[in-house]
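To start, the structure under review is shown below, and the notes come after it.
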Amino acid sequence: MLEIYGSGRSRWVRPLWMLRELGVPFEAVTVDRGAGELDSPAFRQLNPQGKIPVLVDEGRPICESGAILLYLGDKFPDRGLLPPAGSYARGVHDQWMFTIATEFEQPLWRLHKQITRGEGDEAVAAQARRDFKVAAAPFEAILSGQPHLLGEDFQAADIMLAHLLRWSAAQPLLADTPALAAYRDRTTARLSFPAFLYED
Ligand SMILES: N[C@@H](CCC(=O)N[C@@H](CS)C(=O)NCC(=O)O)C(=O)O
């Protein structure tokens with residue numbers, strides 16, 4: 001049995017969405033961050049970094065949301081959420097996956113932390129807004145001409161990107177990137193998106 005550990009609107013939305021999109025059986029294990037569960041010895045056995053999400057497959061953990069999406073996509077290749085390993089399309093897919101994780105996420109994360117936790121000053125936020133503009137430009141260009149990152153088909157990297165576009169920091173910034181805003185709305189309207197986590 002596959003188990004996915006996480007909570008709330010954290011990055012566990014990504015594997016949760018992926019598992020729902022794949023339509024495979026799994027168990028969602030909610031972790032109480034407020035109660036310090038991420039620091040418990042049992043959780044640290046799963047992820048020594050003390051972070052969510054963690055996927056557990058037959059007792060064996062895999063951490064890092066992007067890596068989990070790739071693992072699941074490869075594990076269920078007939079579901080079509082990843083191009084075949086070794087294909088050019090897969091190379092392009094993974095290129096975007098890493099760009100999202102390393103370039104796109106960072107400015108949004110800095111702004112998100114400022115908005116939700118008051119961390120960082122206005123200079124940090126101004127730099128993050130500039131970095132976002134640069135990082136968003138290629139995605140805005142691609143999604144102006146096609147529905148998803150790789151073309152017609154919704155893929156694992158779309159989950160990675162669309163989850164970020166729901167972060168609080170993204171909302172004012174997306175006014176300048178209409179294709180990304182439309183993409184956020186289109187992708188998160190999918191039945192597999194865990195919309196129930198976003199109800200207040
Ligand atoms: N790069 C990691 C980041 C994981 C991460 O930072 N998770 C946050 C929640 S979104 C976390 O567990 N933070 C520790 C905490 O809340 O105490 C991934 O994508 O999985």
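Each chain of the structure tokens is named A, B, ... in the order shown, its residues numbered from 1; ligands are numbered from 1 in display order.
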Show me which residues sit within 9 Å of ligand 1 when counting only C-alpha atoms and all ligand atoms, and put them as a PyMOL selection string. chain A and resi 6-14+33-34+36-39+49-54+63-68+101
Contact residues around Ala181 of chain A with only C-alpha atoms at 12 Å, ignoring same-chain residues under 3 positions, as a PDB file with N, CA and C atoms, in the first residue's frame:
```pdb
ATOM      1  N   ALA A 136       8.994  33.612 -14.324  1.00  0.00           N
ATOM      2  CA  ALA A 136       7.662  33.339 -14.885  1.00  0.00           C
ATOM      3  C   ALA A 136       7.630  33.504 -16.409  1.00  0.00           C
ATOM      4  N   PHE A 139       7.386  30.445 -18.771  1.00  0.00           N
ATOM      5  CA  PHE A 139       6.134  29.704 -18.561  1.00  0.00           C
ATOM      6  C   PHE A 139       4.953  30.471 -19.154  1.00  0.00           C
ATOM      7  N   GLU A 140       4.977  31.791 -18.991  1.00  0.00           N
ATOM      8  CA  GLU A 140       3.906  32.610 -19.560  1.00  0.00           C
ATOM      9  C   GLU A 140       3.894  32.454 -21.088  1.00  0.00           C
ATOM     10  N   LEU A 143       2.609  28.858 -22.053  1.00  0.00           N
ATOM     11  CA  LEU A 143       1.189  28.617 -21.769  1.00  0.00           C
ATOM     12  C   LEU A 143       0.272  29.599 -22.486  1.00  0.00           C
ATOM     13  N   SER A 144       0.861  30.554 -23.181  1.00  0.00           N
ATOM     14  CA  SER A 144       0.052  31.417 -24.051  1.00  0.00           C
ATOM     15  C   SER A 144      -0.351  30.657 -25.307  1.00  0.00           C
ATOM     16  N   PRO A 147      -2.236  24.340 -23.778  1.00  0.00           N
ATOM     17  CA  PRO A 147      -2.938  24.222 -22.489  1.00  0.00           C
ATOM     18  C   PRO A 147      -2.068  23.759 -21.325  1.00  0.00           C
ATOM     19  N   LEU A 161       3.763  22.885 -10.963  1.00  0.00           N
ATOM     20  CA  LEU A 161       3.616  24.309 -11.273  1.00  0.00           C
ATOM     21  C   LEU A 161       2.281  24.851 -10.757  1.00  0.00           C
ATOM     22  N   ALA A 162       1.201  24.125 -11.007  1.00  0.00           N
ATOM     23  CA  ALA A 162      -0.117  24.649 -10.635  1.00  0.00           C
ATOM     24  C   ALA A 162      -0.260  24.770  -9.117  1.00  0.00           C
ATOM     25  N   LEU A 164       2.057  25.646  -7.040  1.00  0.00           N
ATOM     26  CA  LEU A 164       2.731  26.900  -6.678  1.00  0.00           C
ATOM     27  C   LEU A 164       1.868  28.112  -6.973  1.00  0.00           C
ATOM     28  N   LEU A 165       1.130  28.010  -8.061  1.00  0.00           N
ATOM     29  CA  LEU A 165       0.325  29.157  -8.489  1.00  0.00           C
ATOM     30  C   LEU A 165      -0.877  29.382  -7.579  1.00  0.00           C
ATOM     31  N   ARG A 166      -1.125  28.446  -6.644  1.00  0.00           N
ATOM     32  CA  ARG A 166      -2.181  28.654  -5.651  1.00  0.00           C
ATOM     33  C   ARG A 166      -1.648  29.297  -4.375  1.00  0.00           C
ATOM     34  N   ALA A 170       1.414  34.179  -5.060  1.00  0.00           N
ATOM     35  CA  ALA A 170       1.232  34.199  -6.512  1.00  0.00           C
ATOM     36  C   ALA A 170       0.070  35.085  -6.931  1.00  0.00           C
ATOM     37  N   GLN A 171      -0.914  35.227  -6.053  1.00  0.00           N
ATOM     38  CA  GLN A 171      -2.170  35.844  -6.500  1.00  0.00           C
ATOM     39  C   GLN A 171      -1.991  37.261  -7.066  1.00  0.00           C
ATOM     40  N   PRO A 172      -1.359  38.209  -6.347  1.00  0.00           N
ATOM     41  CA  PRO A 172      -1.188  39.542  -6.953  1.00  0.00           C
ATOM     42  C   PRO A 172      -0.256  39.520  -8.161  1.00  0.00           C
ATOM     43  N   LEU A 173       0.741  38.638  -8.146  1.00  0.00           N
ATOM     44  CA  LEU A 173       1.725  38.612  -9.233  1.00  0.00           C
ATOM     45  C   LEU A 173       1.122  38.113 -10.542  1.00  0.00           C
ATOM     46  N   LEU A 174       0.131  37.247 -10.427  1.00  0.00           N
ATOM     47  CA  LEU A 174      -0.440  36.650 -11.645  1.00  0.00           C
ATOM     48  C   LEU A 174      -1.280  37.637 -12.456  1.00  0.00           C
ATOM     49  N   ALA A 175      -1.529  38.812 -11.887  1.00  0.00           N
ATOM     50  CA  ALA A 175      -2.248  39.837 -12.649  1.00  0.00           C
ATOM     51  C   ALA A 175      -1.438  40.241 -13.883  1.00  0.00           C
ATOM     52  N   ASP A 176      -0.107  40.085 -13.782  1.00  0.00           N
ATOM     53  CA  ASP A 176       0.761  40.452 -14.917  1.00  0.00           C
ATOM     54  C   ASP A 176       1.045  39.275 -15.845  1.00  0.00           C
ATOM     55  N   THR A 177       0.561  38.087 -15.486  1.00  0.00           N
ATOM     56  CA  THR A 177       0.804  36.896 -16.321  1.00  0.00           C
ATOM     57  C   THR A 177      -0.545  36.195 -16.569  1.00  0.00           C
ATOM     58  N   PRO A 178      -1.343  36.748 -17.488  1.00  0.00           N
ATOM     59  CA  PRO A 178      -2.701  36.219 -17.683  1.00  0.00           C
ATOM     60  C   PRO A 178      -2.751  34.763 -18.146  1.00  0.00           C
ATOM     61  N   ARG A 184      -3.635  28.283 -14.067  1.00  0.00           N
ATOM     62  CA  ARG A 184      -3.931  27.941 -12.671  1.00  0.00           C
ATOM     63  C   ARG A 184      -5.399  27.553 -12.518  1.00  0.00           C
ATOM     64  N   ASP A 185      -6.293  28.353 -13.091  1.00  0.00           N
ATOM     65  CA  ASP A 185      -7.729  28.090 -12.935  1.00  0.00           C
ATOM     66  C   ASP A 185      -8.144  26.805 -13.659  1.00  0.00           C
ATOM     67  N   ARG A 186      -7.566  26.613 -14.847  1.00  0.00           N
ATOM     68  CA  ARG A 186      -7.915  25.437 -15.663  1.00  0.00           C
ATOM     69  C   ARG A 186      -7.457  24.142 -14.987  1.00  0.00           C
ATOM     70  N   THR A 187      -6.214  24.153 -14.516  1.00  0.00           N
ATOM     71  CA  THR A 187      -5.662  22.910 -13.968  1.00  0.00           C
ATOM     72  C   THR A 187      -6.269  22.588 -12.592  1.00  0.00           C
ATOM     73  N   THR A 188      -6.488  23.615 -11.780  1.00  0.00           N
ATOM     74  CA  THR A 188      -7.021  23.327 -10.442  1.00  0.00           C
ATOM     75  C   THR A 188      -8.535  23.076 -10.478  1.00  0.00           C
TER      76      THR A 188
END
```
Closest atom pairs, segment 156-196 of chain A residues within 7 Å of segment 107-129 of chain A, only C-alpha atoms, as CSV:
```
residue,atom,partner,partner_atom,distance
A:Trp167,CA,A:His112,CA,6.8
A:Ser168,CA,A:His112,CA,6.0
A:Ala169,CA,A:His112,CA,4.8
A:Ala170,CA,A:Leu108,CA,6.5
```
Report as number ranges by chain: the residues of segment 22-171 of chain A with a DSSP assignment of alpha helix (DSSP H), based on the backbone of this structure. A: 22, 41-46, 65-75, 88-99, 105-117, 122-145, 156-164, 170-171
Do you have, as a Markdown table, the list of residues of segment 115-199 of chain A lying at most 6 Å from segment 80-100 of chain A, each with its nearest atom pair and that distance in Å to one decimal, counting only C-alpha atoms and ordered by chain then number?
```
| residue | atom | partner | partner_atom | distance |
| --- | --- | --- | --- | --- |
| A:Gln155 | CA | A:Leu81 | CA | 4.5 |
| A:Ala156 | CA | A:Leu81 | CA | 5.5 |
| A:Ala157 | CA | A:Met97 | CA | 5.2 |
```
List every residue of segment 27-110 of chain A that DSSP, applied to the backbone of this structure, assigns to strand (DSSP E), and report them as an mmCIF file with N, CA and C atoms, in the first residue's frame.
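This went into out_24.cif:
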```cif
data_model
loop_
_atom_site.group_PDB
_atom_site.id
_atom_site.type_symbol
_atom_site.label_atom_id
_atom_site.label_comp_id
_atom_site.auth_asym_id
_atom_site.auth_seq_id
_atom_site.Cartn_x
_atom_site.Cartn_y
_atom_site.Cartn_z
ATOM 1 N N GLU A 27 -3.173 5.578 1.039
ATOM 2 C CA GLU A 27 -3.671 6.069 2.327
ATOM 3 C C GLU A 27 -3.032 7.417 2.619
ATOM 4 N N ALA A 28 -3.853 8.410 2.943
ATOM 5 C CA ALA A 28 -3.330 9.730 3.318
ATOM 6 C C ALA A 28 -3.125 9.738 4.833
ATOM 7 N N VAL A 29 -1.883 9.984 5.271
ATOM 8 C CA VAL A 29 -1.565 10.001 6.701
ATOM 9 C C VAL A 29 -1.315 11.450 7.112
ATOM 10 N N THR A 30 -2.237 12.011 7.878
ATOM 11 C CA THR A 30 -2.122 13.417 8.261
ATOM 12 C C THR A 30 -1.126 13.566 9.403
ATOM 13 N N VAL A 54 6.130 12.978 2.535
ATOM 14 C CA VAL A 54 6.898 11.733 2.407
ATOM 15 C C VAL A 54 5.940 10.675 1.848
ATOM 16 N N LEU A 55 6.401 9.990 0.818
ATOM 17 C CA LEU A 55 5.657 8.844 0.294
ATOM 18 C C LEU A 55 6.280 7.594 0.898
ATOM 19 N N VAL A 56 5.439 6.672 1.359
ATOM 20 C CA VAL A 56 5.967 5.398 1.856
ATOM 21 C C VAL A 56 5.369 4.292 0.992
ATOM 22 N N ASP A 57 6.260 3.556 0.346
ATOM 23 C CA ASP A 57 5.845 2.469 -0.550
ATOM 24 C C ASP A 57 6.322 1.160 0.060
ATOM 25 N N ARG A 60 8.938 1.704 2.579
ATOM 26 C CA ARG A 60 10.170 2.410 2.176
ATOM 27 C C ARG A 60 9.851 3.849 1.799
ATOM 28 N N PRO A 61 10.516 4.822 2.492
ATOM 29 C CA PRO A 61 10.159 6.225 2.267
ATOM 30 C C PRO A 61 10.867 6.865 1.076
ATOM 31 N N ILE A 62 10.171 7.807 0.451
ATOM 32 C CA ILE A 62 10.766 8.687 -0.562
ATOM 33 C C ILE A 62 10.323 10.111 -0.223
ATOM 34 N N CYS A 63 11.306 11.020 -0.168
ATOM 35 C CA CYS A 63 11.030 12.418 0.172
ATOM 36 C C CYS A 63 11.240 13.283 -1.071
#
```
Atomic distance atom CA of Ala135 of chain A - atom CA of Glu103 of chain A, expressed in Å with one decimal: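 Between atom CA of Ala135 of chain A and atom CA of Glu103 of chain A the gap is 6.3 Å.
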So what do you get for atom CA of Leu16 of chain A versus atom CA of Ala195 of chain A, distance-wise?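 It comes out at 11.0 Å.
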Select, from A:Leu149, A:Leu19, A:Leu2, A:Ala179, the residue with the minimum atom-to-atom distance to Pro194 of chain A, counting only C-alpha atoms.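 The shortest atom-to-atom distance to Pro194 of chain A comes from A:Leu19.
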